[in-house]
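Below is start-v3.txt, which holds compact mmCIF, C-alpha atoms.
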```txt
# COMPACT_ATOMS: atom_id res chain seq x y z
CA MET A 8 122.96 44.71 128.54
CA GLU A 9 121.23 45.58 125.30
CA THR A 10 120.63 49.19 124.38
CA THR A 11 117.43 49.92 122.56
CA LYS A 12 117.02 52.96 120.40
CA LYS A 13 113.69 54.64 120.02
CA TYR A 14 112.94 56.03 116.62
CA VAL A 15 110.42 58.79 116.58
CA GLN A 16 108.56 58.95 113.33
CA LYS A 17 107.60 62.53 112.59
CA THR A 18 104.39 63.12 110.76
CA LEU A 19 104.45 64.93 107.44
CA PHE A 20 102.65 67.85 109.11
CA THR A 21 105.37 68.09 111.76
CA LYS A 22 108.18 67.94 109.20
CA ILE A 23 106.64 70.72 107.11
CA TYR A 24 105.86 72.89 110.15
CA GLU A 25 109.35 72.48 111.62
CA GLU A 26 111.01 73.37 108.31
CA HIS A 27 109.07 76.64 108.14
CA ARG A 28 109.55 77.41 111.83
CA ASP A 29 113.30 76.78 111.55
CA THR A 30 113.58 79.00 108.46
CA LEU A 31 111.81 81.89 110.21
CA PHE A 32 114.00 81.42 113.28
CA SER A 33 117.22 81.26 111.25
CA LYS A 34 116.28 84.60 109.62
CA ASN A 35 115.72 86.15 113.08
CA TYR A 36 111.91 86.27 112.93
CA SER A 37 110.98 85.62 116.54
CA GLU A 38 109.56 87.94 119.17
CA LYS A 39 112.77 87.99 121.18
CA MET A 40 115.05 88.63 118.19
CA ILE A 41 113.07 91.61 116.89
CA ASP A 42 112.36 93.18 120.28
CA SER A 43 108.62 92.54 120.02
CA TRP A 44 106.16 93.24 122.79
CA SER A 45 104.26 90.04 121.92
CA GLU A 46 104.47 86.84 123.92
CA HIS A 47 107.64 84.94 123.05
CA GLY A 48 106.85 82.06 120.68
CA LEU A 49 103.52 83.50 119.56
CA LEU A 50 104.50 83.67 115.88
CA PHE A 51 105.36 79.96 115.86
CA LYS A 52 102.16 79.09 117.73
CA GLN A 53 100.16 81.02 115.13
CA LEU A 54 102.03 79.30 112.29
CA HIS A 55 101.26 75.91 113.85
CA ALA A 56 97.58 76.74 114.42
CA ASP A 57 96.95 78.27 110.97
CA PHE A 58 98.84 75.53 109.13
CA ASN A 59 97.06 72.86 111.19
CA GLN A 60 93.69 74.41 110.30
CA ALA A 61 94.57 74.43 106.60
CA TYR A 62 96.02 70.91 106.77
CA ILE A 63 92.94 69.42 108.44
CA THR A 64 90.24 71.45 106.67
CA ASP A 65 91.53 71.22 103.12
CA VAL A 66 92.10 67.47 103.04
CA GLU A 67 88.60 66.98 101.67
CA VAL A 68 88.24 70.21 99.72
CA TYR A 69 91.54 70.25 97.77
CA GLN A 70 91.62 74.01 97.47
CA ILE A 71 94.67 76.13 98.07
CA ARG A 72 94.25 77.86 101.40
CA ARG A 73 95.98 81.17 102.04
CA PHE A 74 96.74 82.74 105.39
CA GLN A 75 98.86 85.54 106.83
CA LEU A 76 100.93 85.81 109.98
CA GLU A 77 101.96 89.11 111.50
CA ILE A 78 104.65 90.11 113.93
CA ALA A 79 106.00 93.53 114.86
CA GLY A 80 109.12 94.64 116.63
CA PHE A 81 111.51 97.50 117.21
CA PHE A 82 114.86 98.12 115.55
CA SER A 83 117.61 100.68 115.81
CA LEU A 84 121.02 101.16 114.22
CA GLN A 85 124.27 101.86 116.00
CA ASN A 86 125.90 105.17 115.09
CA LYS A 87 129.66 105.55 114.58
CA ASP A 88 129.96 107.09 118.05
CA GLY A 89 128.38 104.01 119.65
CA SER A 90 124.99 105.60 120.30
CA LYS A 91 121.85 104.13 118.80
CA THR A 92 119.27 105.69 116.51
CA LYS A 93 115.74 106.06 117.81
CA LYS A 94 113.79 102.82 117.67
CA ASP A 95 111.64 102.24 114.61
CA LYS A 96 108.61 99.95 114.59
CA VAL A 97 108.64 97.34 111.82
CA GLN A 98 105.56 95.25 111.02
CA PHE A 99 106.15 91.98 109.16
CA GLU A 100 103.36 90.16 107.32
CA PHE A 101 104.10 86.67 106.02
CA SER A 102 101.79 85.32 103.30
CA TYR A 103 101.39 81.54 103.10
CA ALA A 104 99.58 79.16 100.77
CA TYR A 105 98.87 75.52 101.57
CA ASP A 106 98.29 73.17 98.63
CA PRO A 107 96.63 69.96 99.87
CA ALA A 108 97.02 68.21 96.51
CA GLY A 109 100.80 68.47 96.73
CA ILE A 110 100.83 68.51 100.55
CA GLU A 111 102.95 71.64 100.33
CA LEU A 112 103.13 74.79 102.43
CA LYS A 113 104.66 77.78 100.66
CA LEU A 114 105.74 81.11 102.02
CA THR A 115 104.77 83.32 99.08
CA ALA A 116 105.68 86.84 100.23
CA LEU A 117 106.87 89.02 103.06
CA LYS A 118 105.51 92.55 103.40
CA ALA A 119 107.40 94.82 105.77
CA THR A 120 106.25 98.26 106.93
CA MET A 121 108.33 100.67 109.01
CA ASN A 122 106.54 103.21 111.21
CA ASP A 123 103.31 102.72 109.19
CA GLU A 124 104.94 104.71 106.38
CA PHE A 125 107.67 102.89 104.45
CA GLU A 126 106.71 99.59 102.89
CA LYS A 127 108.46 96.92 100.88
CA THR A 128 107.23 93.54 99.64
CA TYR A 129 109.57 90.62 99.07
CA PRO A 130 108.21 87.88 96.79
CA ILE A 131 109.35 84.40 97.79
CA VAL A 132 109.79 82.65 94.45
CA LEU A 133 112.07 79.70 95.11
CA HIS A 134 112.61 78.66 98.72
CA PRO A 135 112.31 80.75 101.90
CA SER A 136 115.80 79.77 103.01
CA LYS A 137 117.12 81.54 99.89
CA ASP A 138 114.57 84.28 99.15
CA LEU A 139 113.49 85.38 102.63
CA PRO A 140 115.72 88.22 103.83
CA ALA A 141 116.79 88.35 107.45
CA ALA A 142 114.78 90.66 109.72
CA GLY A 143 117.75 93.01 110.25
CA THR A 144 118.35 93.27 106.50
CA VAL A 145 114.72 94.25 105.94
CA PHE A 146 114.99 96.97 108.59
CA LYS A 147 118.19 98.36 107.03
CA GLU A 148 116.52 98.52 103.61
CA LEU A 149 113.47 100.32 105.01
CA PHE A 150 115.76 102.68 106.97
CA ALA A 151 117.67 103.44 103.73
CA MET A 152 114.36 104.18 101.96
CA ARG A 153 113.47 106.70 104.65
CA GLU A 154 116.92 108.33 104.57
CA LYS A 155 116.77 108.62 100.77
CA GLU A 156 113.34 110.26 100.92
CA LEU A 157 114.48 112.72 103.60
CA LEU A 158 117.58 113.60 101.58
CA GLU A 159 115.47 114.18 98.45
CA LYS A 160 113.15 116.50 100.41
CA VAL A 161 116.09 118.51 101.76
CA GLN A 162 117.64 118.80 98.29
CA ALA A 163 114.31 119.85 96.78
CA GLN A 164 113.96 122.58 99.40
CA LYS A 165 117.45 123.88 98.64
CA LYS A 166 116.70 124.05 94.92
CA ALA A 167 113.34 125.75 95.34
CA PRO A 168 113.49 129.43 94.38
CA VAL A 169 113.29 131.83 97.26
CA LYS A 170 110.30 134.11 96.94
CA SER A 171 111.21 137.71 97.47
CA ARG A 172 109.04 139.89 99.55
CA LYS A 173 108.31 143.40 98.38
CA MET A 174 108.00 145.83 101.16
CA ARG A 175 105.17 148.27 101.10
CA ARG A 176 105.53 151.72 102.49
```
For the structure just supplied, provide its representation as structure tokens.
Amino acid sequence: METTKKYVQKTLFTKIYEEHRDTLFSKNYSEKMIDSWSEHGLLFKQLHADFNQAYITDVEVYQIRRFQLEIAGFFSLQNKDGSKTKKDKVQFEFSYAYDPAGIELKLTALKATMNDEFEKTYPIVLHPSKDLPAAGTVFKELFAMREKELLEKVQAQKKAPVKSRKMRR
């Protein structure tokens, strides 16, 4: 009995999409991994749809097409006593550029915002697998920014001169 093997030829679009999807997943950017309220798999569906639109539309135009994807979730840290900190909301915005001349999709930046207050942008210069920080790492850096700011405020209050009140009689 002869065994036949089926070879599935992936399209260039599929190869590029899967590489980006896998990179995001490996860095823990999925609804389930970041405790998002969004439908599971929505980020990857949006990536597929937006990339597909750029891939199809810009074949004739040959202009770089830019698009953003957003996902938000909740994070907390574990304290030394085993308890967890209150949950913080972190919004992630991924900036992409599709170059039809080179048939290349690039993740150009990640902007992360915690509780609509603390923000950090990560430029993606080389390759997302190297430059894109993991979701948990981003949260820890934003958390550290907040802690540093709070500490500076407390120290500034301690150094501020105490105004004396003169009593009137």
Place a sphere of radius 12 Å on (111.4, 85.8, 108.0) in the file coordinates and name every protein, DNA or RNA residue with an atom inside or on its surface, counting all atoms listed in the file; give the answer as an MDAnalysis selection string.
chainID A and resid 27:38 40:41 50:51 76:79 98:103 114:119 129:131 134:146
Those selected residues, please, written with C-alpha atoms and delivered as a PDB file, in the frame of the given file.
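The resulting file, again-v6.pdb, is reproduced below:
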```
ATOM      1  CA  HIS A  27     109.070  76.640 108.140  1.00  0.00           C
ATOM      2  CA  ARG A  28     109.550  77.410 111.830  1.00  0.00           C
ATOM      3  CA  ASP A  29     113.300  76.780 111.550  1.00  0.00           C
ATOM      4  CA  THR A  30     113.580  79.000 108.460  1.00  0.00           C
ATOM      5  CA  LEU A  31     111.810  81.890 110.210  1.00  0.00           C
ATOM      6  CA  PHE A  32     114.000  81.420 113.280  1.00  0.00           C
ATOM      7  CA  SER A  33     117.220  81.260 111.250  1.00  0.00           C
ATOM      8  CA  LYS A  34     116.280  84.600 109.620  1.00  0.00           C
ATOM      9  CA  ASN A  35     115.720  86.150 113.080  1.00  0.00           C
ATOM     10  CA  TYR A  36     111.910  86.270 112.930  1.00  0.00           C
ATOM     11  CA  SER A  37     110.980  85.620 116.540  1.00  0.00           C
ATOM     12  CA  GLU A  38     109.560  87.940 119.170  1.00  0.00           C
ATOM     13  CA  MET A  40     115.050  88.630 118.190  1.00  0.00           C
ATOM     14  CA  ILE A  41     113.070  91.610 116.890  1.00  0.00           C
ATOM     15  CA  LEU A  50     104.500  83.670 115.880  1.00  0.00           C
ATOM     16  CA  PHE A  51     105.360  79.960 115.860  1.00  0.00           C
ATOM     17  CA  LEU A  76     100.930  85.810 109.980  1.00  0.00           C
ATOM     18  CA  GLU A  77     101.960  89.110 111.500  1.00  0.00           C
ATOM     19  CA  ILE A  78     104.650  90.110 113.930  1.00  0.00           C
ATOM     20  CA  ALA A  79     106.000  93.530 114.860  1.00  0.00           C
ATOM     21  CA  GLN A  98     105.560  95.250 111.020  1.00  0.00           C
ATOM     22  CA  PHE A  99     106.150  91.980 109.160  1.00  0.00           C
ATOM     23  CA  GLU A 100     103.360  90.160 107.320  1.00  0.00           C
ATOM     24  CA  PHE A 101     104.100  86.670 106.020  1.00  0.00           C
ATOM     25  CA  SER A 102     101.790  85.320 103.300  1.00  0.00           C
ATOM     26  CA  TYR A 103     101.390  81.540 103.100  1.00  0.00           C
ATOM     27  CA  LEU A 114     105.740  81.110 102.020  1.00  0.00           C
ATOM     28  CA  THR A 115     104.770  83.320  99.080  1.00  0.00           C
ATOM     29  CA  ALA A 116     105.680  86.840 100.230  1.00  0.00           C
ATOM     30  CA  LEU A 117     106.870  89.020 103.060  1.00  0.00           C
ATOM     31  CA  LYS A 118     105.510  92.550 103.400  1.00  0.00           C
ATOM     32  CA  ALA A 119     107.400  94.820 105.770  1.00  0.00           C
ATOM     33  CA  TYR A 129     109.570  90.620  99.070  1.00  0.00           C
ATOM     34  CA  PRO A 130     108.210  87.880  96.790  1.00  0.00           C
ATOM     35  CA  ILE A 131     109.350  84.400  97.790  1.00  0.00           C
ATOM     36  CA  HIS A 134     112.610  78.660  98.720  1.00  0.00           C
ATOM     37  CA  PRO A 135     112.310  80.750 101.900  1.00  0.00           C
ATOM     38  CA  SER A 136     115.800  79.770 103.010  1.00  0.00           C
ATOM     39  CA  LYS A 137     117.120  81.540  99.890  1.00  0.00           C
ATOM     40  CA  ASP A 138     114.570  84.280  99.150  1.00  0.00           C
ATOM     41  CA  LEU A 139     113.490  85.380 102.630  1.00  0.00           C
ATOM     42  CA  PRO A 140     115.720  88.220 103.830  1.00  0.00           C
ATOM     43  CA  ALA A 141     116.790  88.350 107.450  1.00  0.00           C
ATOM     44  CA  ALA A 142     114.780  90.660 109.720  1.00  0.00           C
ATOM     45  CA  GLY A 143     117.750  93.010 110.250  1.00  0.00           C
ATOM     46  CA  THR A 144     118.350  93.270 106.500  1.00  0.00           C
ATOM     47  CA  VAL A 145     114.720  94.250 105.940  1.00  0.00           C
ATOM     48  CA  PHE A 146     114.990  96.970 108.590  1.00  0.00           C
TER      49      PHE A 146
END
```
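Between atom CA of Leu157 of chain A and atom CA of Met121 of chain A the separation is 14.6 Å.
Minimum distance to Leu19 of chain A across A:Glu46, A:Asp57, A:Asp88, A:Glu111 (counting all atoms listed in the file) occurs at A:Glu111.
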Please determine the residues with any atom at most 7 Å from (103.7, 101.8, 107.1) (coordinates as given in the file, with all atoms listed in the file counting) and report them as an MDAnalysis selection string.
chainID A and resid 120:126
Selection from above, C-alpha atoms, as a short mmCIF file (atom, residue, chain, number, x, y, z; two decimals), in the coordinates of the input, can you write it?
```cif
data_model
loop_
_atom_site.label_atom_id
_atom_site.label_comp_id
_atom_site.auth_asym_id
_atom_site.auth_seq_id
_atom_site.Cartn_x
_atom_site.Cartn_y
_atom_site.Cartn_z
CA THR A 120 106.25 98.26 106.93
CA MET A 121 108.33 100.67 109.01
CA ASN A 122 106.54 103.21 111.21
CA ASP A 123 103.31 102.72 109.19
CA GLU A 124 104.94 104.71 106.38
CA PHE A 125 107.67 102.89 104.45
CA GLU A 126 106.71 99.59 102.89
#
```
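Reported to one decimal place, the separation of atom CA of Gly80 of chain A from atom CA of Leu49 of chain A is 12.8 Å.
Take atom CA of Gln75 of chain A and atom CA of Thr128 of chain A: the distance between them is 13.6 Å.
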Using all atoms listed in the file, which protein or nucleic acid residues come within 9 Å of Phe58 of chain A? Drop anything in the same chain fewer than 2 positions from it, and give the result as a list in words.
Phe20, Tyr24, Gln53, Leu54, His55, Ala56, Gln60, Ala61, Tyr62, Ile63, Phe74, Tyr103, Tyr105 and Leu112 of chain A
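Across A:Ile110, A:Arg72, A:Lys165, A:Phe150, the tightest approach to Lys94 of chain A is made by A:Phe150 when counting all atoms listed in the file.
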So which one's closest to Glu148 of chain A, A:Gln85, A:Ala104, A:Asp95, A:Lys127? Using all atoms listed in the file, please.
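Comparing A:Gln85, A:Ala104, A:Asp95, A:Lys127 against Glu148 of chain A, the winner is A:Lys127.
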Counting only C-alpha atoms, which of A:Ile23, A:Ile71, A:Leu158, A:Ala151 gets nearest to Pro107 of chain A?
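Smallest separation from Pro107 of chain A among the options: A:Ile71.
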